[in-house]
Amino acid sequence: MDITKENIIGELVARDYRTASIFKKHRIDFCCQGNKTIDEACQKKGLDAKVVVGELNEVNNKSSEKVDDYQSWPLDLLIDYIEKKHHRYVEEKISEIKPYLDKVTRVHGAHHPELLEINELFSGSAAELTQHMKKEELILFPFIKKMVEANQKGEMIEQPPFGTVDNPIQMMRHEHDNEGERFRQIAQLSDNYIPPADACNTYRVTYALLKEFEEDLHLHIHLENNILFPKSLELESVNK
């Protein structure tokens with residue numbers, strides 16, 4: 001199927017994650033702002049939509065490259081994958097990046113004051129993401145798994161204390177938006193993670209780790225916003 005400028009970004013990436021590489025190239029947010037059309041996103045960025053669509057179709061037509069079809073995964077499997085792959089990654093990398101960032105800020109902050117702001121933004125993200133993931137693991141994800149089990153058994157599910165699954169989903173989406181904005185600021189302050197000429201090895205490693213963290217976060221949020229959440233809402237409507 002040919003891609004057009006009217007395609008919704010998040011739906012397109014959910015169908016074929018290879019297209020994410022084009023959105024990353026043009027710094028178009030496909031996870032938190034994935035509900036926009038290609039045309040809307042290009043207008044906001046001052047990009048030529050025809051050029052972006054052409055690049056997307058080029059990627060789309062490369063059928064030989066194997067990619068994970070997250071869209072076809074059962075929801076309980078997708079949840080387990082998100083927890084084990086992305087939630088554990090966030091926890092591990094926070095404890096790895098924070099000491100590096102503290103050291104680089106202490107040593108180079110006087111000449112590179114942007115480091116102080118980057119450190120503050122990352123610290124805020126680390127605290128918020130830790131709480132965010134616990135809410136998903138203790139409240140939202142277990143309920144989605146209950147819905148999956150009830151659907152498989154042909155049973156009705158008891159209404160949860162939060163009323164409808166859309167309520168925690170909207171909260172999670174809002175928190176995803178906050179983290180997306182934080183990392184947009186970090187990317188801007190760090191010149192898209194390009195270390196300055198006088199950067200030491202620790203400085204360079206820190207920027208590389210921050211870039212990797214942001215890329216993982218984009219996939220993490222994409223899997224939830226564009227696949228897990230819409231499918232969970234569909235499943236709840238079936239179980240009512």
# chains A, B, ... in the order shown; residues from 1 in each chain; ligands from 1

call {"tool": "residues_around", "arguments": {"residues": "A:Cys31", "least_positions_apart": "2", "cutoff": "7 Å", "atoms": "only C-alpha atoms", "output": "compact mmCIF listing (two decimals) with N, CA and C atoms, in the first residue's frame"}}
result
# COMPACT_ATOMS: atom_id res chain seq x y z
N GLY A 10 1.50 7.56 13.77
CA GLY A 10 1.56 6.45 14.73
C GLY A 10 1.05 5.15 14.14
N ASP A 29 8.19 13.50 15.74
CA ASP A 29 7.80 12.67 16.88
C ASP A 29 6.72 11.67 16.46
N GLN A 33 3.49 12.20 19.68
CA GLN A 33 2.65 13.00 18.77
C GLN A 33 2.25 12.18 17.54
N GLY A 34 2.11 10.88 17.73
CA GLY A 34 1.83 9.99 16.62
C GLY A 34 0.43 10.06 16.06
N HIS A 218 11.66 6.22 22.64
CA HIS A 218 10.75 6.42 21.51
C HIS A 218 10.04 5.12 21.14
N ILE A 221 7.57 4.11 24.09
CA ILE A 221 6.32 4.89 24.09
C ILE A 221 5.47 4.55 22.87
N HIS A 222 6.11 4.33 21.73
CA HIS A 222 5.39 3.94 20.52
C HIS A 222 4.60 2.65 20.74
N ASN A 225 1.63 3.75 23.17
CA ASN A 225 0.67 4.72 22.63
C ASN A 225 -0.03 4.24 21.37

call {"tool": "residues_around", "arguments": {"residues": "stretch 168-183 of chain A", "least_positions_apart": "2", "cutoff": "9 Å", "atoms": "only C-alpha atoms", "output": "number ranges by chain"}}
result
A: 29, 31-33, 121-122, 124-125, 128-129, 132, 135-136, 139-140, 162, 164-166, 185-188, 214, 217-218, 221, 224-225, 229, 233

call {"tool": "write_last_selection", "arguments": {"atoms": "C-alpha atoms", "output": "PDB file, in the first residue's frame"}}
result
ATOM      1  CA  ASP A  29       7.799  12.669  16.880  1.00  0.00           C
ATOM      2  CA  CYS A  31       5.445   8.209  19.583  1.00  0.00           C
ATOM      3  CA  CYS A  32       3.988  11.002  21.741  1.00  0.00           C
ATOM      4  CA  GLN A  33       2.652  12.998  18.767  1.00  0.00           C
ATOM      5  CA  LEU A 121      15.967  17.477  33.017  1.00  0.00           C
ATOM      6  CA  PHE A 122      17.341  13.928  33.115  1.00  0.00           C
ATOM      7  CA  GLY A 124      13.322  14.815  36.545  1.00  0.00           C
ATOM      8  CA  SER A 125      12.776  12.232  33.828  1.00  0.00           C
ATOM      9  CA  GLU A 128       8.942  10.496  36.803  1.00  0.00           C
ATOM     10  CA  LEU A 129       9.632   7.444  34.636  1.00  0.00           C
ATOM     11  CA  HIS A 132       5.205   5.966  35.784  1.00  0.00           C
ATOM     12  CA  LYS A 135       1.781   2.568  37.929  1.00  0.00           C
ATOM     13  CA  GLU A 136       1.706   0.640  34.675  1.00  0.00           C
ATOM     14  CA  ILE A 139      -2.454  -1.029  37.920  1.00  0.00           C
ATOM     15  CA  LEU A 140      -2.848  -0.751  34.148  1.00  0.00           C
ATOM     16  CA  PHE A 162     -10.800   3.482  37.805  1.00  0.00           C
ATOM     17  CA  THR A 164     -12.739   2.390  32.305  1.00  0.00           C
ATOM     18  CA  VAL A 165      -9.297   1.459  30.999  1.00  0.00           C
ATOM     19  CA  ASP A 166      -9.309   4.756  29.094  1.00  0.00           C
ATOM     20  CA  GLN A 185      14.794  19.832  25.326  1.00  0.00           C
ATOM     21  CA  ILE A 186      17.757  17.588  26.165  1.00  0.00           C
ATOM     22  CA  ALA A 187      18.365  16.921  22.457  1.00  0.00           C
ATOM     23  CA  GLN A 188      18.220  20.639  21.686  1.00  0.00           C
ATOM     24  CA  GLU A 214      16.041   8.575  23.993  1.00  0.00           C
ATOM     25  CA  LEU A 217      12.206   5.591  24.950  1.00  0.00           C
ATOM     26  CA  HIS A 218      10.749   6.418  21.511  1.00  0.00           C
ATOM     27  CA  ILE A 221       6.321   4.887  24.090  1.00  0.00           C
ATOM     28  CA  GLU A 224       2.259   1.651  24.275  1.00  0.00           C
ATOM     29  CA  ASN A 225       0.670   4.719  22.631  1.00  0.00           C
ATOM     30  CA  PHE A 229      -3.384   1.321  24.286  1.00  0.00           C
ATOM     31  CA  LEU A 233      -9.546   0.095  24.311  1.00  0.00           C
TER      32      LEU A 233
END

call {"tool": "select_by_dssp", "arguments": {"residues": "stretch 8-193 of chain A", "states": "alpha helix (DSSP H)", "output": "number ranges by chain"}}
result
A: 9-15, 20-25, 38-45, 49-60, 75-81, 88-108, 114-135, 141-153, 166-189

call {"tool": "residues_around", "arguments": {"residues": "A:Val238", "least_positions_apart": "4", "cutoff": "12 Å", "atoms": "only C-alpha atoms", "output": "PyMOL selection string"}}
result
chain A and resi 147-148+150-152+154-157+231-234

call {"tool": "write_last_selection", "arguments": {"atoms": "C-alpha atoms", "output": "compact mmCIF listing (two decimals), in the first residue's frame"}}
result
# COMPACT_ATOMS: atom_id res chain seq x y z
CA MET A 147 -9.27 -8.43 29.98
CA VAL A 148 -7.24 -10.72 27.71
CA ALA A 150 -11.69 -12.88 30.20
CA ASN A 151 -11.90 -12.53 26.42
CA GLN A 152 -10.22 -15.90 25.90
CA GLY A 154 -15.70 -15.70 26.98
CA GLU A 155 -16.34 -14.13 30.39
CA MET A 156 -17.36 -10.64 31.46
CA ILE A 157 -14.84 -8.70 33.54
CA LYS A 231 -5.90 -2.44 21.21
CA SER A 232 -6.73 -2.38 24.95
CA LEU A 233 -9.55 0.10 24.31
CA GLU A 234 -10.89 -2.16 21.55

call {"tool": "closest_residue", "arguments": {"among": "A:Ile144, A:Ala49, A:Ala208, A:Ile118", "to": "A:Thr105", "atoms": "only C-alpha atoms"}}
result
A:Ile118

call {"tool": "atom_distance", "arguments": {"atom1": "atom CA of A:Ile79", "atom2": "atom CA of A:Thr206"}}
result
29.5 Å
